[in-house]
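The data block below is input_5.cif; it holds mmCIF, C-alpha atoms and all ligand atoms; chains and numbers go by the auth columns.
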data_my_file
loop_
_atom_site.group_PDB
_atom_site.id
_atom_site.type_symbol
_atom_site.label_atom_id
_atom_site.label_comp_id
_atom_site.label_asym_id
_atom_site.label_seq_id
_atom_site.Cartn_x
_atom_site.Cartn_y
_atom_site.Cartn_z
_atom_site.B_iso_or_equiv
_atom_site.auth_seq_id
_atom_site.auth_asym_id
ATOM 1 C CA MET A 1 0.000 0.000 0.000 0.00 1 A
ATOM 2 C CA SER A 2 1.449 3.355 -1.064 0.00 2 A
ATOM 3 C CA ARG A 3 0.311 6.891 -0.417 0.00 3 A
ATOM 4 C CA PRO A 4 0.949 9.994 -2.532 0.00 4 A
ATOM 5 C CA VAL A 5 3.443 12.593 -1.272 0.00 5 A
ATOM 6 C CA ALA A 6 0.896 15.190 -2.351 0.00 6 A
ATOM 7 C CA VAL A 7 -2.548 15.179 -3.947 0.00 7 A
ATOM 8 C CA LEU A 8 -3.432 18.185 -6.107 0.00 8 A
ATOM 9 C CA VAL A 9 -7.008 19.457 -6.344 0.00 9 A
ATOM 10 C CA GLY A 10 -8.540 22.548 -7.916 0.00 10 A
ATOM 11 C CA PRO A 11 -10.764 23.729 -10.748 0.00 11 A
ATOM 12 C CA PRO A 12 -10.066 23.222 -14.447 0.00 12 A
ATOM 13 C CA GLY A 13 -7.224 25.522 -15.415 0.00 13 A
ATOM 14 C CA ALA A 14 -5.795 25.666 -11.879 0.00 14 A
ATOM 15 C CA GLY A 15 -2.693 23.984 -13.258 0.00 15 A
ATOM 16 C CA LYS A 16 -2.932 20.592 -11.552 0.00 16 A
ATOM 17 C CA THR A 17 -1.300 18.799 -14.470 0.00 17 A
ATOM 18 C CA THR A 18 1.257 21.526 -15.232 0.00 18 A
ATOM 19 C CA VAL A 19 2.253 22.159 -11.605 0.00 19 A
ATOM 20 C CA GLY A 20 1.972 18.477 -10.708 0.00 20 A
ATOM 21 C CA GLU A 21 4.510 17.419 -13.330 0.00 21 A
ATOM 22 C CA LEU A 22 6.958 20.125 -12.222 0.00 22 A
ATOM 23 C CA LEU A 23 6.441 19.367 -8.541 0.00 23 A
ATOM 24 C CA ALA A 24 7.067 15.662 -9.091 0.00 24 A
ATOM 25 C CA ALA A 25 10.270 16.447 -10.993 0.00 25 A
ATOM 26 C CA ARG A 26 11.478 18.699 -8.163 0.00 26 A
ATOM 27 C CA LEU A 27 10.704 15.989 -5.583 0.00 27 A
ATOM 28 C CA GLY A 28 12.254 13.242 -7.743 0.00 28 A
ATOM 29 C CA VAL A 29 9.031 11.213 -7.744 0.00 29 A
ATOM 30 C CA THR A 30 6.584 10.152 -10.430 0.00 30 A
ATOM 31 C CA PHE A 31 3.480 12.059 -11.457 0.00 31 A
ATOM 32 C CA ARG A 32 0.070 10.480 -11.965 0.00 32 A
ATOM 33 C CA ASP A 33 -3.080 12.154 -13.206 0.00 33 A
ATOM 34 C CA VAL A 34 -6.411 10.483 -12.451 0.00 34 A
ATOM 35 C CA ASP A 35 -7.939 11.978 -15.625 0.00 35 A
ATOM 36 C CA HIS A 36 -5.359 10.003 -17.606 0.00 36 A
ATOM 37 C CA ASP A 37 -6.069 6.834 -15.582 0.00 37 A
ATOM 38 C CA ILE A 38 -9.762 7.100 -16.457 0.00 38 A
ATOM 39 C CA GLU A 39 -9.037 7.645 -20.155 0.00 39 A
ATOM 40 C CA ALA A 40 -6.628 4.696 -20.217 0.00 40 A
ATOM 41 C CA SER A 41 -9.162 2.363 -18.537 0.00 41 A
ATOM 42 C CA ALA A 42 -12.057 3.514 -20.721 0.00 42 A
ATOM 43 C CA GLY A 43 -9.942 3.530 -23.867 0.00 43 A
ATOM 44 C CA LYS A 44 -11.308 6.926 -24.912 0.00 44 A
ATOM 45 C CA PRO A 45 -11.037 10.607 -24.032 0.00 45 A
ATOM 46 C CA ILE A 46 -13.064 12.061 -21.142 0.00 46 A
ATOM 47 C CA SER A 47 -15.048 14.164 -23.607 0.00 47 A
ATOM 48 C CA ASP A 48 -16.214 10.923 -25.282 0.00 48 A
ATOM 49 C CA ILE A 49 -17.124 9.365 -21.926 0.00 49 A
ATOM 50 C CA PHE A 50 -19.351 12.382 -21.214 0.00 50 A
ATOM 51 C CA VAL A 51 -21.002 12.122 -24.639 0.00 51 A
ATOM 52 C CA ASP A 52 -21.342 8.315 -24.822 0.00 52 A
ATOM 53 C CA ASP A 53 -22.012 7.404 -21.204 0.00 53 A
ATOM 54 C CA GLY A 54 -23.008 10.637 -19.405 0.00 54 A
ATOM 55 C CA GLU A 55 -21.578 12.577 -16.488 0.00 55 A
ATOM 56 C CA GLU A 56 -22.988 10.224 -13.835 0.00 56 A
ATOM 57 C CA THR A 57 -21.077 7.278 -15.298 0.00 57 A
ATOM 58 C CA PHE A 58 -17.954 9.439 -15.552 0.00 58 A
ATOM 59 C CA ARG A 59 -18.239 10.421 -11.865 0.00 59 A
ATOM 60 C CA ALA A 60 -18.554 6.766 -10.825 0.00 60 A
ATOM 61 C CA LEU A 61 -15.467 5.851 -12.877 0.00 61 A
ATOM 62 C CA GLU A 62 -13.688 8.850 -11.369 0.00 62 A
ATOM 63 C CA ALA A 63 -14.469 7.958 -7.733 0.00 63 A
ATOM 64 C CA ALA A 64 -13.180 4.413 -8.321 0.00 64 A
ATOM 65 C CA ALA A 65 -10.059 5.673 -10.096 0.00 65 A
ATOM 66 C CA VAL A 66 -9.260 8.132 -7.287 0.00 66 A
ATOM 67 C CA ALA A 67 -9.660 5.419 -4.638 0.00 67 A
ATOM 68 C CA ALA A 68 -7.353 3.089 -6.595 0.00 68 A
ATOM 69 C CA ALA A 69 -4.702 5.757 -7.164 0.00 69 A
ATOM 70 C CA LEU A 70 -4.709 6.958 -3.536 0.00 70 A
ATOM 71 C CA GLY A 71 -3.753 3.451 -2.443 0.00 71 A
ATOM 72 C CA ALA A 72 -1.280 2.681 -5.198 0.00 72 A
ATOM 73 C CA HIS A 73 0.738 5.807 -5.976 0.00 73 A
ATOM 74 C CA ASP A 74 3.612 7.181 -3.913 0.00 74 A
ATOM 75 C CA GLY A 75 4.423 10.247 -6.026 0.00 75 A
ATOM 76 C CA VAL A 76 2.412 13.368 -6.872 0.00 76 A
ATOM 77 C CA LEU A 77 -1.218 12.689 -7.762 0.00 77 A
ATOM 78 C CA ALA A 78 -3.490 15.127 -9.605 0.00 78 A
ATOM 79 C CA LEU A 79 -7.255 14.661 -9.361 0.00 79 A
ATOM 80 C CA GLY A 80 -9.765 15.829 -11.954 0.00 80 A
ATOM 81 C CA GLY A 81 -11.345 19.211 -11.299 0.00 81 A
ATOM 82 C CA GLY A 82 -14.670 17.745 -10.195 0.00 82 A
ATOM 83 C CA ALA A 83 -13.399 14.784 -8.169 0.00 83 A
ATOM 84 C CA VAL A 84 -14.200 16.562 -4.881 0.00 84 A
ATOM 85 C CA LEU A 85 -17.914 16.545 -5.784 0.00 85 A
ATOM 86 C CA ALA A 86 -18.072 12.935 -4.546 0.00 86 A
ATOM 87 C CA GLU A 87 -18.541 12.663 -0.787 0.00 87 A
ATOM 88 C CA ALA A 88 -16.722 9.296 -0.838 0.00 88 A
ATOM 89 C CA THR A 89 -13.712 10.960 -2.456 0.00 89 A
ATOM 90 C CA ARG A 90 -13.686 13.795 0.090 0.00 90 A
ATOM 91 C CA ALA A 91 -13.735 11.170 2.845 0.00 91 A
ATOM 92 C CA ALA A 92 -10.963 9.162 1.158 0.00 92 A
ATOM 93 C CA LEU A 93 -8.780 12.285 1.053 0.00 93 A
ATOM 94 C CA ARG A 94 -8.806 12.690 4.832 0.00 94 A
ATOM 95 C CA GLY A 95 -5.343 12.033 6.220 0.00 95 A
ATOM 96 C CA HIS A 96 -3.632 12.829 2.903 0.00 96 A
ATOM 97 C CA ARG A 97 -1.553 15.915 2.095 0.00 97 A
ATOM 98 C CA VAL A 98 -3.963 17.709 -0.218 0.00 98 A
ATOM 99 C CA VAL A 99 -2.823 20.821 -2.090 0.00 99 A
ATOM 100 C CA HIS A 100 -5.579 23.095 -3.351 0.00 100 A
ATOM 101 C CA LEU A 101 -4.402 25.088 -6.369 0.00 101 A
ATOM 102 C CA ASP A 102 -6.677 28.107 -6.186 0.00 102 A
ATOM 103 C CA VAL A 103 -7.520 30.169 -9.258 0.00 103 A
ATOM 104 C CA GLY A 104 -9.873 33.076 -9.871 0.00 104 A
ATOM 105 C CA LEU A 105 -12.371 33.381 -12.693 0.00 105 A
ATOM 106 C CA ALA A 106 -10.266 35.545 -15.027 0.00 106 A
ATOM 107 C CA ASP A 107 -7.131 33.395 -14.933 0.00 107 A
ATOM 108 C CA ALA A 108 -9.112 30.130 -15.066 0.00 108 A
ATOM 109 C CA VAL A 109 -11.014 31.244 -18.178 0.00 109 A
ATOM 110 C CA ASP A 110 -7.821 32.547 -19.821 0.00 110 A
ATOM 111 C CA ARG A 111 -6.039 29.239 -19.221 0.00 111 A
ATOM 112 C CA VAL A 112 -8.869 26.955 -20.283 0.00 112 A
ATOM 113 C CA GLY A 113 -9.661 29.077 -23.339 0.00 113 A
ATOM 114 C CA LEU A 114 -11.921 27.420 -25.857 0.00 114 A
ATOM 115 C CA ASN A 115 -10.460 23.957 -25.434 0.00 115 A
ATOM 116 C CA THR A 116 -13.306 21.499 -26.107 0.00 116 A
ATOM 117 C CA ALA A 117 -11.445 18.690 -24.318 0.00 117 A
ATOM 118 C CA ARG A 118 -13.196 19.958 -21.159 0.00 118 A
ATOM 119 C CA PRO A 119 -16.800 18.876 -21.770 0.00 119 A
ATOM 120 C CA LEU A 120 -18.372 20.847 -18.919 0.00 120 A
ATOM 121 C CA LEU A 121 -16.892 24.074 -20.300 0.00 121 A
ATOM 122 C CA ALA A 122 -17.658 23.538 -23.975 0.00 122 A
ATOM 123 C CA LEU A 123 -20.722 25.820 -23.802 0.00 123 A
ATOM 124 C CA ASN A 124 -20.454 29.328 -22.363 0.00 124 A
ATOM 125 C CA PRO A 125 -17.109 28.755 -20.584 0.00 125 A
ATOM 126 C CA ARG A 126 -17.079 31.984 -18.553 0.00 126 A
ATOM 127 C CA ALA A 127 -20.545 31.582 -17.000 0.00 127 A
ATOM 128 C CA THR A 128 -20.017 27.868 -16.410 0.00 128 A
ATOM 129 C CA MET A 129 -16.643 28.471 -14.794 0.00 129 A
ATOM 130 C CA ARG A 130 -18.112 31.158 -12.504 0.00 130 A
ATOM 131 C CA THR A 131 -20.830 28.751 -11.282 0.00 131 A
ATOM 132 C CA LEU A 132 -18.388 25.883 -10.952 0.00 132 A
ATOM 133 C CA LEU A 133 -15.893 27.955 -8.902 0.00 133 A
ATOM 134 C CA ALA A 134 -18.643 29.132 -6.534 0.00 134 A
ATOM 135 C CA GLN A 135 -20.122 25.634 -6.063 0.00 135 A
ATOM 136 C CA ARG A 136 -16.799 23.929 -5.527 0.00 136 A
ATOM 137 C CA ALA A 137 -14.898 26.466 -3.409 0.00 137 A
ATOM 138 C CA PRO A 138 -16.207 24.991 -0.120 0.00 138 A
ATOM 139 C CA LEU A 139 -15.389 21.456 -1.280 0.00 139 A
ATOM 140 C CA TYR A 140 -11.772 22.280 -2.151 0.00 140 A
ATOM 141 C CA ALA A 141 -11.464 24.108 1.182 0.00 141 A
ATOM 142 C CA GLU A 142 -12.878 21.063 3.004 0.00 142 A
ATOM 143 C CA VAL A 143 -10.277 18.634 1.653 0.00 143 A
ATOM 144 C CA ALA A 144 -7.211 20.914 1.454 0.00 144 A
ATOM 145 C CA THR A 145 -4.374 20.859 3.956 0.00 145 A
ATOM 146 C CA ILE A 146 -2.495 23.468 1.895 0.00 146 A
ATOM 147 C CA THR A 147 -3.921 26.201 -0.356 0.00 147 A
ATOM 148 C CA VAL A 148 -1.767 28.006 -2.909 0.00 148 A
ATOM 149 C CA THR A 149 -2.979 30.869 -5.032 0.00 149 A
ATOM 150 C CA THR A 150 -2.024 30.602 -8.705 0.00 150 A
ATOM 151 C CA ASP A 151 -3.413 33.856 -10.153 0.00 151 A
ATOM 152 C CA GLY A 152 -0.775 35.751 -12.102 0.00 152 A
ATOM 153 C CA ARG A 153 1.981 33.383 -10.992 0.00 153 A
ATOM 154 C CA ALA A 154 4.243 31.226 -13.130 0.00 154 A
ATOM 155 C CA PRO A 155 4.151 27.449 -12.553 0.00 155 A
ATOM 156 C CA GLU A 156 7.737 27.480 -11.175 0.00 156 A
ATOM 157 C CA GLU A 157 6.780 30.062 -8.547 0.00 157 A
ATOM 158 C CA ILE A 158 3.714 28.029 -7.548 0.00 158 A
ATOM 159 C CA VAL A 159 5.845 24.894 -7.198 0.00 159 A
ATOM 160 C CA ALA A 160 8.300 26.743 -4.938 0.00 160 A
ATOM 161 C CA ASP A 161 5.377 27.861 -2.734 0.00 161 A
ATOM 162 C CA VAL A 162 3.955 24.313 -2.599 0.00 162 A
ATOM 163 C CA LEU A 163 7.364 22.888 -1.666 0.00 163 A
ATOM 164 C CA ALA A 164 7.801 25.461 1.110 0.00 164 A
ATOM 165 C CA GLN A 165 4.359 24.697 2.522 0.00 165 A
ATOM 166 C CA LEU A 166 4.828 20.924 2.242 0.00 166 A
ATOM 167 C CA GLU A 167 7.902 21.243 4.444 0.00 167 A
ATOM 168 C CA GLU A 168 5.726 22.784 7.160 0.00 168 A
ATOM 169 C CA VAL A 169 3.008 20.097 7.041 0.00 169 A
ATOM 170 C CA PRO A 170 3.860 16.701 8.540 0.00 170 A
ATOM 171 C CA ALA A 171 3.834 13.855 5.991 0.00 171 A
HETATM 172 N N1 LIG B . 0.386 29.268 -13.477 0.00 1 B
HETATM 173 C C1 LIG B . 0.038 29.265 -14.765 0.00 1 B
HETATM 174 N N2 LIG B . 0.167 30.379 -15.488 0.00 1 B
HETATM 175 C C2 LIG B . -0.206 30.403 -16.789 0.00 1 B
HETATM 176 N N3 LIG B . -0.701 29.342 -17.475 0.00 1 B
HETATM 177 C C3 LIG B . -0.851 28.193 -16.786 0.00 1 B
HETATM 178 C C4 LIG B . -0.503 28.091 -15.404 0.00 1 B
HETATM 179 N N4 LIG B . -0.776 26.824 -14.998 0.00 1 B
HETATM 180 C C5 LIG B . -1.275 26.186 -16.070 0.00 1 B
HETATM 181 N N5 LIG B . -1.315 26.989 -17.143 0.00 1 B
HETATM 182 C C6 LIG B . -1.830 26.668 -18.491 0.00 1 B
HETATM 183 O O1 LIG B . -3.239 26.546 -18.340 0.00 1 B
HETATM 184 C C7 LIG B . -3.735 25.435 -19.072 0.00 1 B
HETATM 185 C C8 LIG B . -4.422 24.490 -18.095 0.00 1 B
HETATM 186 O O2 LIG B . -3.438 23.924 -17.230 0.00 1 B
HETATM 187 P P1 LIG B . -3.589 22.427 -16.696 0.00 1 B
HETATM 188 O O3 LIG B . -4.015 21.518 -17.793 0.00 1 B
HETATM 189 O O4 LIG B . -2.323 22.106 -15.975 0.00 1 B
HETATM 190 O O5 LIG B . -4.796 22.609 -15.676 0.00 1 B
HETATM 191 P P2 LIG B . -5.552 21.483 -14.874 0.00 1 B
HETATM 192 O O6 LIG B . -5.787 22.042 -13.513 0.00 1 B
HETATM 193 O O7 LIG B . -4.811 20.197 -14.951 0.00 1 B
HETATM 194 O O8 LIG B . -6.946 21.393 -15.663 0.00 1 B
HETATM 195 P P3 LIG B . -8.008 20.140 -15.764 0.00 1 B
HETATM 196 O O9 LIG B . -8.806 20.122 -14.481 0.00 1 B
HETATM 197 O O10 LIG B . -8.882 20.473 -16.910 0.00 1 B
HETATM 198 O O11 LIG B . -7.209 18.892 -15.959 0.00 1 B
HETATM 199 C C9 LIG B . -2.535 24.834 -19.810 0.00 1 B
HETATM 200 O O12 LIG B . -2.507 25.368 -21.104 0.00 1 B
HETATM 201 C C10 LIG B . -1.335 25.319 -19.003 0.00 1 B
HETATM 202 O O13 LIG B . -0.191 25.471 -19.805 0.00 1 B
HETATM 203 O O1 LIG B . -14.150 20.062 -13.505 0.00 2 B
HETATM 204 C C1 LIG B . -14.599 18.969 -13.889 0.00 2 B
HETATM 205 O O2 LIG B . -15.709 18.560 -13.528 0.00 2 B
HETATM 206 C C2 LIG B . -13.754 18.139 -14.784 0.00 2 B
HETATM 207 C C3 LIG B . -12.408 18.425 -14.892 0.00 2 B
HETATM 208 C C4 LIG B . -11.469 17.595 -15.654 0.00 2 B
HETATM 209 O O3 LIG B . -10.272 17.461 -14.909 0.00 2 B
HETATM 210 C C5 LIG B . -12.062 16.235 -16.007 0.00 2 B
HETATM 211 O O4 LIG B . -12.026 15.367 -14.891 0.00 2 B
HETATM 212 C C6 LIG B . -13.473 16.358 -16.519 0.00 2 B
HETATM 213 O O5 LIG B . -13.434 17.117 -17.719 0.00 2 B
HETATM 214 C C7 LIG B . -14.394 17.029 -15.504 0.00 2 B
HETATM 215 MG MG MG B . -5.310 18.317 -15.673 0.00 3 B
#

Any chance you could give the structure as structure tokens?
Amino acid sequence: MSRPVAVLVGPPGAGKTTVGELLAARLGVTFRDVDHDIEASAGKPISDIFVDDGEETFRALEAAAVAAALGAHDGVLALGGGAVLAEATRAALRGHRVVHLDVGLADAVDRVGLNTARPLLALNPRATMRTLLAQRAPLYAEVATITVTTDGRAPEEIVADVLAQLEEVPA
């Protein structure tokens, strides 16, 4: 049984994948992204899972993939932006070092752009992102042991902040 050195959560565009890869490199550990795990198991992109099978099926696959990765990965683990919606996942995160990458509406929309790989944001990205940030803020706060703001900051600077805060939080 392994446990991640850090689990990254946050909205789409927070930089979980970007910062997670850099953080893992700095720590000399491997990086794993639950979104990629789900795509590998399903054999298709997340956008196709949403279209073919629906969001409810995706969320069930996601909760199972998070539970599996939490028990099997000892590096940096990034969760999908909506993983914290599942109560079971929030419970499973207790006792882990969970880093919330916080991002405001303007930066999140800028970063996500018009990328249709994010099915929830394919229509009206700005309004959807605003609703999503408001609904999920309390959930990210509930699971986080560390919160790092990412607005207007380069990934390297965010990683340095995460590393400094990780040193202060017992493993
Ligand atoms: N701190 C940053 N400053 C500027 N651009 C960034 C920053 N972090 C990430 N980006 C860019 O924003 C986009 C989204 O980043 P990334 O895919 O890492 O986000 P994510 O949190 O993993 O999103 P998702 O939940 O959709 O997987 C990418 O194009 C990335 O290069
Ligand atoms: O914010 C969300 O609900 C999502 C974010 C992505 O990471 C993917 O997990 C998927 O597109 C759903
Ligand atoms: Mg990502």

*Name every residue that the PyMOL selection byres (((chain A and resi 97) around 8) and not hetatm) selects in this structure, writing the answer as a VMD selection string with chains first and numbers rising.*
chain A and resid 4 to 7 95 to 96 98 to 99 144 to 146 169 171

*CA of Ala160 in chain A to atom O9 of ligand LIG 1 (chain B), distance in Å rounded to a single decimal*: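 So the answer is 20.7 Å.
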
*Between A:Gly54, A:Gly113, A:Gly81, A:Pro45, which has the minimum distance to Lys16 in chain A (counting all atoms listed in the file)?*
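Among the listed residues, the smallest separation from Lys16 in chain A belongs to A:Gly81.
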
How close does chain A get to ligand LIG 2 (chain B)? List, as a tab-separated table, each residue of chain A within 10 Å, its nearest atom pair and the distance in Å to one decimal, counting all atoms listed in the file.
residue	atom	partner	partner_atom	distance
A:Val9	CA	B:LIG2	O3	9.4
A:Gly10	CA	B:LIG2	O1	8.3
A:Pro11	CA	B:LIG2	O1	5.7
A:Pro12	CA	B:LIG2	O1	5.2
A:Gly13	CA	B:LIG2	O3	8.6
A:Ala14	CA	B:LIG2	O3	9.8
A:Lys16	CA	B:LIG2	O3	8.7
A:Thr17	CA	B:LIG2	O3	9.1
A:Asp33	CA	B:LIG2	O3	9.1
A:Val34	CA	B:LIG2	O4	7.8
A:Asp35	CA	B:LIG2	O4	5.4
A:His36	CA	B:LIG2	O4	9.0
A:Ile38	CA	B:LIG2	O4	8.7
A:Glu39	CA	B:LIG2	O4	9.8
A:Pro45	CA	B:LIG2	O5	9.4
A:Ile46	CA	B:LIG2	O5	6.1
A:Ser47	CA	B:LIG2	O5	6.8
A:Ile49	CA	B:LIG2	O5	9.6
A:Phe50	CA	B:LIG2	O5	8.3
A:Glu55	CA	B:LIG2	C7	8.5
A:Phe58	CA	B:LIG2	C6	8.3
A:Arg59	CA	B:LIG2	C7	8.5
A:Glu62	CA	B:LIG2	O4	7.6
A:Ala78	CA	B:LIG2	O3	8.9
A:Leu79	CA	B:LIG2	O3	6.9
A:Gly80	CA	B:LIG2	O3	3.4
A:Gly81	CA	B:LIG2	O1	3.7
A:Gly82	CA	B:LIG2	O2	3.6
A:Ala83	CA	B:LIG2	O4	6.9
A:Val84	CA	B:LIG2	O2	9.0
A:Leu85	CA	B:LIG2	O2	8.3
A:Thr116	CA	B:LIG2	O5	9.5
A:Ala117	CA	B:LIG2	O5	7.1
A:Arg118	CA	B:LIG2	O5	4.5
A:Pro119	CA	B:LIG2	O5	5.6
A:Leu120	CA	B:LIG2	O5	6.3
A:Leu121	CA	B:LIG2	O5	8.2
A:Ala122	CA	B:LIG2	O5	9.9
A:Met129	CA	B:LIG2	O1	8.9
A:Leu132	CA	B:LIG2	O1	7.6
A:Leu133	CA	B:LIG2	O1	9.3
A:Arg136	CA	B:LIG2	O1	9.3

*If you measure from CA of Val103 in chain A to atom C4 of ligand LIG 1 (chain B), what distance in Å do you get, rounded to one decimal?*
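Atom-to-atom, CA of Val103 in chain A to atom C4 of ligand LIG 1 (chain B), that is 9.6 Å.
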
*Between A:Leu163, A:Leu22, A:Met1, A:Leu123, which one has atoms that come closest to ligand LIG 1 (chain B), using all atoms listed in the file?*
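The closest residue to ligand LIG 1 (chain B) is A:Leu22.
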
*So how many Å separate CA of Asp53 in chain A and CA of Ala86 in chain A, to one decimal?*
18.0 Å

*asked:* Using all atoms listed in the file for the distances, tell me which of A:Gln135, A:Thr30, A:Thr128, A:Thr18 is nearest to ligand LIG 1 (chain B).
replied: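 Going through A:Gln135, A:Thr30, A:Thr128, A:Thr18 one by one, the smallest distance to ligand LIG 1 (chain B) is for A:Thr18.
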
_Of the listed residues A:Ala72, A:Leu166, A:Leu8, A:Ala134, that which approaches ligand MG 3 (chain B) most closely, counting all atoms listed in the file_ =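 Smallest distance to ligand MG 3 (chain B) is found for A:Leu8.
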
_I need the residue nearest ligand LIG 1 (chain B) from this list: A:Glu142, A:Asp48, A:Glu168, A:Glu21. Use all atoms listed in the file for the distance._
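Smallest separation from ligand LIG 1 (chain B) among the options: A:Glu21.
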
*May I ask which of the residues A:Gly152, A:Ala68, A:Gly75, A:Ala137 is the closest one to Thr89 in chain A, counting only C-alpha atoms?*
A:Ala68

All file atoms of ligand LIG 1 (chain B) boxed axis-aligned, 8 Å per side, centre plus edges, as AutoDock Vina command-line options:
--center_x -4.2 --center_y 24.6 --center_z -17.3 --size_x 25.3 --size_y 27.5 --size_z 23.6
